[in-house]
file work-v2.pdb (PDB, C-alpha atoms)
ATOM      1  CA  MET A   1     101.214  79.193 102.871
ATOM      2  CA  THR A   2     104.886  80.027 103.344
ATOM      3  CA  ILE A   3     106.492  82.213 100.686
ATOM      4  CA  THR A   4     110.001  81.301  99.569
ATOM      5  CA  LEU A   5     112.269  84.290  99.035
ATOM      6  CA  HIS A   6     115.359  83.690  96.916
ATOM      7  CA  SER A   7     117.887  86.176  98.218
ATOM      8  CA  LEU A   8     121.196  87.081  96.608
ATOM      9  CA  GLN A   9     124.010  88.353  98.831
ATOM     10  CA  TYR A  10     123.906  92.177  99.056
ATOM     11  CA  SER A  11     120.690  92.309  97.063
ATOM     12  CA  ARG A  12     117.348  93.988  96.883
ATOM     13  CA  ALA A  13     115.758  91.046  98.736
ATOM     14  CA  VAL A  14     115.889  93.110 101.932
ATOM     15  CA  ARG A  15     112.962  95.111 100.538
ATOM     16  CA  ILE A  16     110.772  92.026 100.354
ATOM     17  CA  ALA A  17     111.834  90.658 103.711
ATOM     18  CA  TRP A  18     111.031  94.042 105.286
ATOM     19  CA  LEU A  19     107.452  93.965 104.024
ATOM     20  CA  MET A  20     106.929  90.363 105.075
ATOM     21  CA  GLU A  21     108.310  91.125 108.523
ATOM     22  CA  GLU A  22     105.943  94.084 108.851
ATOM     23  CA  LEU A  23     102.953  91.960 107.807
ATOM     24  CA  SER A  24     104.008  88.808 109.713
ATOM     25  CA  VAL A  25     103.820  86.808 106.481
ATOM     26  CA  PRO A  26     105.415  83.355 106.876
ATOM     27  CA  TYR A  27     108.458  83.100 104.636
ATOM     28  CA  LYS A  28     111.692  81.213 104.268
ATOM     29  CA  ILE A  29     114.881  82.375 102.626
ATOM     30  CA  VAL A  30     117.125  80.603 100.150
ATOM     31  CA  ARG A  31     120.444  82.441 100.074
ATOM     32  CA  TYR A  32     122.895  82.714  97.187
ATOM     33  CA  GLU A  33     126.431  84.068  97.378
ATOM     34  CA  ARG A  34     127.761  86.433  94.740
ATOM     35  CA  THR A  35     130.624  85.374  92.502
ATOM     36  CA  ASP A  36     134.058  86.986  92.680
ATOM     37  CA  ALA A  37     132.861  89.270  89.857
ATOM     38  CA  TYR A  38     129.953  90.406  92.071
ATOM     39  CA  GLN A  39     127.445  88.567  89.879
ATOM     40  CA  ALA A  40     124.606  86.205  90.700
ATOM     41  CA  PRO A  41     125.512  82.500  90.556
ATOM     42  CA  PRO A  42     124.170  80.414  87.659
ATOM     43  CA  GLY A  43     121.911  78.457  90.023
ATOM     44  CA  LEU A  44     119.448  81.333  90.212
ATOM     45  CA  ARG A  45     118.499  80.672  86.574
ATOM     46  CA  GLN A  46     116.894  77.454  87.739
ATOM     47  CA  ILE A  47     114.390  79.596  89.658
ATOM     48  CA  HIS A  48     113.857  82.475  87.220
ATOM     49  CA  PRO A  49     115.067  82.713  83.605
ATOM     50  CA  LEU A  50     116.826  86.043  84.218
ATOM     51  CA  GLY A  51     118.894  84.585  87.052
ATOM     52  CA  LYS A  52     118.448  87.625  89.288
ATOM     53  CA  ALA A  53     117.140  88.230  92.790
ATOM     54  CA  PRO A  54     114.904  88.803  94.576
ATOM     55  CA  VAL A  55     112.481  86.172  93.363
ATOM     56  CA  ILE A  56     109.596  84.738  95.350
ATOM     57  CA  VAL A  57     107.778  81.461  94.986
ATOM     58  CA  ASP A  58     104.231  81.794  96.294
ATOM     59  CA  GLY A  59     102.351  78.602  95.527
ATOM     60  CA  ASP A  60     102.470  78.209  91.750
ATOM     61  CA  LEU A  61     103.555  81.819  91.239
ATOM     62  CA  VAL A  62     107.221  82.586  90.560
ATOM     63  CA  LEU A  63     107.718  86.350  90.576
ATOM     64  CA  GLY A  64     110.703  88.641  90.125
ATOM     65  CA  GLU A  65     111.187  92.423  90.212
ATOM     66  CA  SER A  66     111.090  94.108  93.602
ATOM     67  CA  ALA A  67     108.202  96.469  92.911
ATOM     68  CA  ALA A  68     106.047  93.687  91.465
ATOM     69  CA  ILE A  69     106.768  91.480  94.471
ATOM     70  CA  LEU A  70     106.018  94.271  96.934
ATOM     71  CA  ARG A  71     102.692  94.980  95.229
ATOM     72  CA  HIS A  72     101.786  91.288  95.141
ATOM     73  CA  VAL A  73     102.537  90.669  98.821
ATOM     74  CA  GLN A  74     100.723  93.840  99.865
ATOM     75  CA  ARG A  75      97.622  93.005  97.840
ATOM     76  CA  ARG A  76      97.488  89.502  99.230
ATOM     77  CA  HIS A  77      98.413  90.194 102.854
ATOM     78  CA  GLY A  78      98.466  93.948 103.443
ATOM     79  CA  ASP A  79      94.853  94.630 104.406
ATOM     80  CA  GLY A  80      95.266  98.260 103.408
ATOM     81  CA  ARG A  81      98.653  98.776 105.059
ATOM     82  CA  PHE A  82     101.677 100.391 103.369
ATOM     83  CA  VAL A  83      99.706 102.000 100.563
ATOM     84  CA  PRO A  84      98.317 105.544 100.485
ATOM     85  CA  GLU A  85      95.235 106.504 102.411
ATOM     86  CA  GLY A  86      93.750 109.035 100.086
ATOM     87  CA  ASP A  87      92.464 109.856  96.665
ATOM     88  CA  ARG A  88      93.714 108.691  93.299
ATOM     89  CA  ASP A  89      96.294 111.471  93.208
ATOM     90  CA  ALA A  90      97.939 110.057  96.352
ATOM     91  CA  TRP A  91      98.076 106.622  94.741
ATOM     92  CA  ALA A  92      99.606 108.122  91.604
ATOM     93  CA  ARG A  93     102.284 109.963  93.584
ATOM     94  CA  HIS A  94     103.054 106.799  95.525
ATOM     95  CA  ASP A  95     103.415 104.757  92.352
ATOM     96  CA  GLU A  96     105.669 107.438  90.904
ATOM     97  CA  TRP A  97     108.045 107.079  93.872
ATOM     98  CA  LEU A  98     107.814 103.292  93.808
ATOM     99  CA  ASP A  99     108.740 103.100  90.126
ATOM    100  CA  TYR A 100     111.204 106.010  90.229
ATOM    101  CA  VAL A 101     113.699 104.061  92.324
ATOM    102  CA  GLU A 102     114.578 101.391  89.774
ATOM    103  CA  GLY A 103     113.384 103.259  86.702
ATOM    104  CA  THR A 104     115.491 106.386  87.200
ATOM    105  CA  LEU A 105     117.413 106.701  90.461
ATOM    106  CA  MET A 106     119.372 103.452  90.425
ATOM    107  CA  ARG A 107     121.204 104.204  87.174
ATOM    108  CA  PRO A 108     123.477 106.995  88.510
ATOM    109  CA  ILE A 109     123.776 105.328  91.929
ATOM    110  CA  SER A 110     124.897 102.109  90.243
ATOM    111  CA  ALA A 111     127.475 104.084  88.258
ATOM    112  CA  ALA A 112     128.843 105.468  91.525
ATOM    113  CA  PHE A 113     128.805 101.995  93.085
ATOM    114  CA  TRP A 114     130.858 100.494  90.257
ATOM    115  CA  ALA A 115     133.213 103.453  90.280
ATOM    116  CA  ARG A 116     133.994 102.708  93.917
ATOM    117  CA  ARG A 117     134.289  98.960  93.270
ATOM    118  CA  ASN A 118     136.669  99.593  90.356
ATOM    119  CA  ASP A 119     138.563 102.428  92.072
ATOM    120  CA  SER A 120     137.691 104.792  89.225
ATOM    121  CA  GLU A 121     135.994 108.144  88.743
ATOM    122  CA  ILE A 122     132.279 108.675  88.177
ATOM    123  CA  ASP A 123     131.608 109.919  84.655
ATOM    124  CA  ALA A 124     130.401 113.490  84.307
ATOM    125  CA  LYS A 125     126.924 112.565  83.106
ATOM    126  CA  SER A 126     126.298 110.237  86.050
ATOM    127  CA  GLN A 127     127.652 112.843  88.475
ATOM    128  CA  GLY A 128     125.260 115.409  87.083
ATOM    129  CA  GLN A 129     122.378 112.991  87.499
ATOM    130  CA  LEU A 130     123.454 112.215  91.061
ATOM    131  CA  ASP A 131     123.483 115.911  91.916
ATOM    132  CA  LEU A 132     120.020 116.312  90.396
ATOM    133  CA  HIS A 133     118.454 113.332  92.168
ATOM    134  CA  MET A 134     120.094 113.813  95.553
ATOM    135  CA  GLY A 135     118.994 117.430  95.525
ATOM    136  CA  HIS A 136     115.454 116.312  94.710
ATOM    137  CA  LEU A 137     115.424 113.745  97.520
ATOM    138  CA  ASN A 138     116.938 116.109 100.072
ATOM    139  CA  ARG A 139     114.359 118.782  99.332
ATOM    140  CA  HIS A 140     111.466 116.314  99.437
ATOM    141  CA  LEU A 141     112.550 114.521 102.598
ATOM    142  CA  GLY A 142     113.493 117.712 104.377
ATOM    143  CA  GLN A 143     109.773 118.240 104.967
ATOM    144  CA  ARG A 144     108.646 114.653 105.582
ATOM    145  CA  THR A 145     109.362 111.665 107.786
ATOM    146  CA  TYR A 146     108.841 109.222 104.918
ATOM    147  CA  LEU A 147     108.323 109.599 101.181
ATOM    148  CA  MET A 148     104.552 109.965 101.455
ATOM    149  CA  GLY A 149     104.501 111.881 104.741
ATOM    150  CA  ASP A 150     104.146 110.355 108.198
ATOM    151  CA  ALA A 151     103.234 106.806 107.154
ATOM    152  CA  LEU A 152     105.489 104.117 105.718
ATOM    153  CA  THR A 153     104.570 102.811 102.277
ATOM    154  CA  LEU A 154     105.911 100.360  99.728
ATOM    155  CA  ALA A 155     107.843 103.241  98.184
ATOM    156  CA  ASP A 156     109.998 103.526 101.311
ATOM    157  CA  MET A 157     110.724  99.804 101.171
ATOM    158  CA  GLN A 158     111.830 100.202  97.576
ATOM    159  CA  MET A 159     113.999 103.219  98.407
ATOM    160  CA  LEU A 160     115.959 101.553 101.241
ATOM    161  CA  TYR A 161     118.342  99.591  99.042
ATOM    162  CA  ALA A 162     119.032 102.502  96.692
ATOM    163  CA  LEU A 163     120.082 104.853  99.473
ATOM    164  CA  ALA A 164     122.132 102.157 101.201
ATOM    165  CA  MET A 165     124.008 101.720  97.915
ATOM    166  CA  ALA A 166     124.403 105.486  97.594
ATOM    167  CA  ARG A 167     125.939 105.634 101.072
ATOM    168  CA  TYR A 168     128.304 102.756 100.263
ATOM    169  CA  ALA A 169     129.331 104.551  97.057
ATOM    170  CA  GLY A 170     129.989 107.762  98.975
ATOM    171  CA  VAL A 171     127.382 109.858  97.186
ATOM    172  CA  LEU A 172     124.549 110.044  99.724
ATOM    173  CA  GLY A 173     125.909 113.048 101.582
ATOM    174  CA  ASP A 174     124.668 114.168 104.978
ATOM    175  CA  GLY A 175     121.391 115.876 104.086
ATOM    176  CA  ALA A 176     117.789 114.901 104.651
ATOM    177  CA  ALA A 177     118.091 111.722 102.572
ATOM    178  CA  ALA A 178     120.832 110.442 104.880
ATOM    179  CA  GLY A 179     118.692 111.142 107.932
ATOM    180  CA  TYR A 180     115.797 109.356 106.277
ATOM    181  CA  LEU A 181     117.957 106.290 105.606
ATOM    182  CA  ASP A 182     119.066 106.300 109.242
ATOM    183  CA  ARG A 183     115.422 106.344 110.348
ATOM    184  CA  LEU A 184     114.640 103.364 108.137
ATOM    185  CA  LEU A 185     117.618 101.321 109.316
ATOM    186  CA  VAL A 186     116.555 101.393 112.977
ATOM    187  CA  LEU A 187     112.995 100.229 112.333
ATOM    188  CA  PRO A 188     112.539  96.839 114.041
ATOM    189  CA  ALA A 189     111.194  95.154 110.904
ATOM    190  CA  VAL A 190     114.148  96.439 108.882
ATOM    191  CA  GLU A 191     116.575  95.113 111.479
ATOM    192  CA  ARG A 192     114.883  91.716 111.314
ATOM    193  CA  ALA A 193     114.942  91.775 107.505
ATOM    194  CA  ILE A 194     118.678  92.513 107.459
ATOM    195  CA  ALA A 195     119.282  89.743 109.986
ATOM    196  CA  ALA A 196     117.399  87.372 107.672
ATOM    197  CA  THR A 197     118.911  88.396 104.319
ATOM    198  CA  GLY A 198     122.350  89.599 105.410
ATOM    199  CA  PRO A 199     124.024  93.015 105.072
ATOM    200  CA  ILE A 200     122.615  95.275 102.379
ATOM    201  CA  MET A 201     126.077  96.285 101.169
ATOM    202  CA  PRO A 202     129.592  94.865 101.551
ATOM    203  CA  GLY A 203     131.139  95.691 104.888
ATOM    204  CA  GLY A 204     127.787  95.740 106.680
TER     205      GLY A 204
END
call {"tool": "encode", "arguments": {"input": "work-v2.pdb", "output": "structure tokens"}}
result
Amino acid sequence: MTITLHSLQYSRAVRIAWLMEELSVPYKIVRYERTDAYQAPPGLRQIHPLGKAPVIVDGDLVLGESAAILRHVQRRHGDGRFVPEGDRDAWARHDEWLDYVEGTLMRPISAAFWARRNDSEIDAKSQGQLDLHMGHLNRHLGQRTYLMGDALTLADMQMLYALAMARYAGVLGDGAAAGYLDRLLVLPAVERAIAATGPIMPGG
């Protein structure tokens, strides 16, 4: 059965397309353009009550939230791929990274994004959080190819959009996290996902 992926311009849908490209899951994309205010169009509310993307339609299931979608597609089609090979502690660490992206990291990155969009300064609290989190990521990724070591996982797919936004906002820097993002962007499945969903950020 083909999964329908509702994809908003410059949205997190690239995460879902990446996983489906890796797993060769049949999918089709319905694209939505952002408004002049950089918001989702009202039509998305006809698919999901929150009117946000990404959203998938998989049979009778309509599902939002990137992490939930990634977990669903992996459980149904992954056959053990893109999740930790190890004990329960490895699974717990993976889930921490997977949930960290939207639960913690995106808040200061979003503040930096809107500061750039509005040609304003980042507030001191957000800047302090950016320094904290970028330092954490640079130290962690300085010793690893991917978040969990040498193998790609769902956590990396979740992280892609956040670091692309950080680069657009000018807060990614040139440390290990930047090198990690560069490694992700040249993966064939990521290139195909971007071709399918469009640029991750304005300006490509």
call {"tool": "atom_distance", "arguments": {"input": "work-v2.pdb", "atom1": "atom CA of Pro49 of chain A", "atom2": "atom CA of Met1 of chain A"}}
result
24.0 Å
call {"tool": "resolve_selection", "arguments": {"input": "work-v2.pdb", "expression": "the PyMOL selection byres ((chain A and resi 97) around 12)", "output": "PyMOL selection string"}}
result
chain A and resi 67+83-84+90-96+98-105+136-137+140+146-148+153-159
call {"tool": "closest_residue", "arguments": {"input": "work-v2.pdb", "among": "A:Ile3, A:Ala111, A:Leu141, A:Val14", "to": "Ile200 of chain A", "atoms": "only C-alpha atoms"}}
result
A:Val14
call {"tool": "closest_residue", "arguments": {"input": "work-v2.pdb", "among": "A:Ala13, A:Ala169, A:Leu63, A:Ala164", "to": "Val30 of chain A", "atoms": "all atoms listed in the file"}}
result
A:Ala13
call {"tool": "atom_distance", "arguments": {"input": "work-v2.pdb", "atom1": "atom CA of Asp119 of chain A", "atom2": "atom CA of Ala53 of chain A"}}
result
25.7 Å
call {"tool": "atom_distance", "arguments": {"input": "work-v2.pdb", "atom1": "atom CA of Val73 of chain A", "atom2": "atom CA of Asp150 of chain A"}}
result
21.9 Å
call {"tool": "residues_near_point", "arguments": {"input": "work-v2.pdb", "point": "(123.3, 101.4, 98.3)", "cutoff": "10 Å", "atoms": "all atoms listed in the file", "output": "PyMOL selection string"}}
result
chain A and resi 10-12+106+109-110+112-113+159-172+200-202
call {"tool": "axis_aligned_box", "arguments": {"input": "work-v2.pdb", "around": "segment 144-162 of chain A", "padding_each_side": "5 Å", "output": "JSON"}}
result
{"center_x": 111.1, "center_y": 107.1, "center_z": 102.4, "size_x": 25.8, "size_y": 25.1, "size_z": 21.5}
call {"tool": "resolve_selection", "arguments": {"input": "work-v2.pdb", "expression": "the PyMOL selection byres ((chain A and resi 183) around 12)", "output": "ChimeraX atom specification"}}
result
/A:141,144-146,152,156,160,163,176-182,184-191
call {"tool": "resolve_selection", "arguments": {"input": "work-v2.pdb", "expression": "the PyMOL selection byres ((chain A and resi 76) around 12)", "output": "VMD selection string"}}
result
chain A and resid 1 3 19 to 20 23 25 58 69 to 75 77 to 81
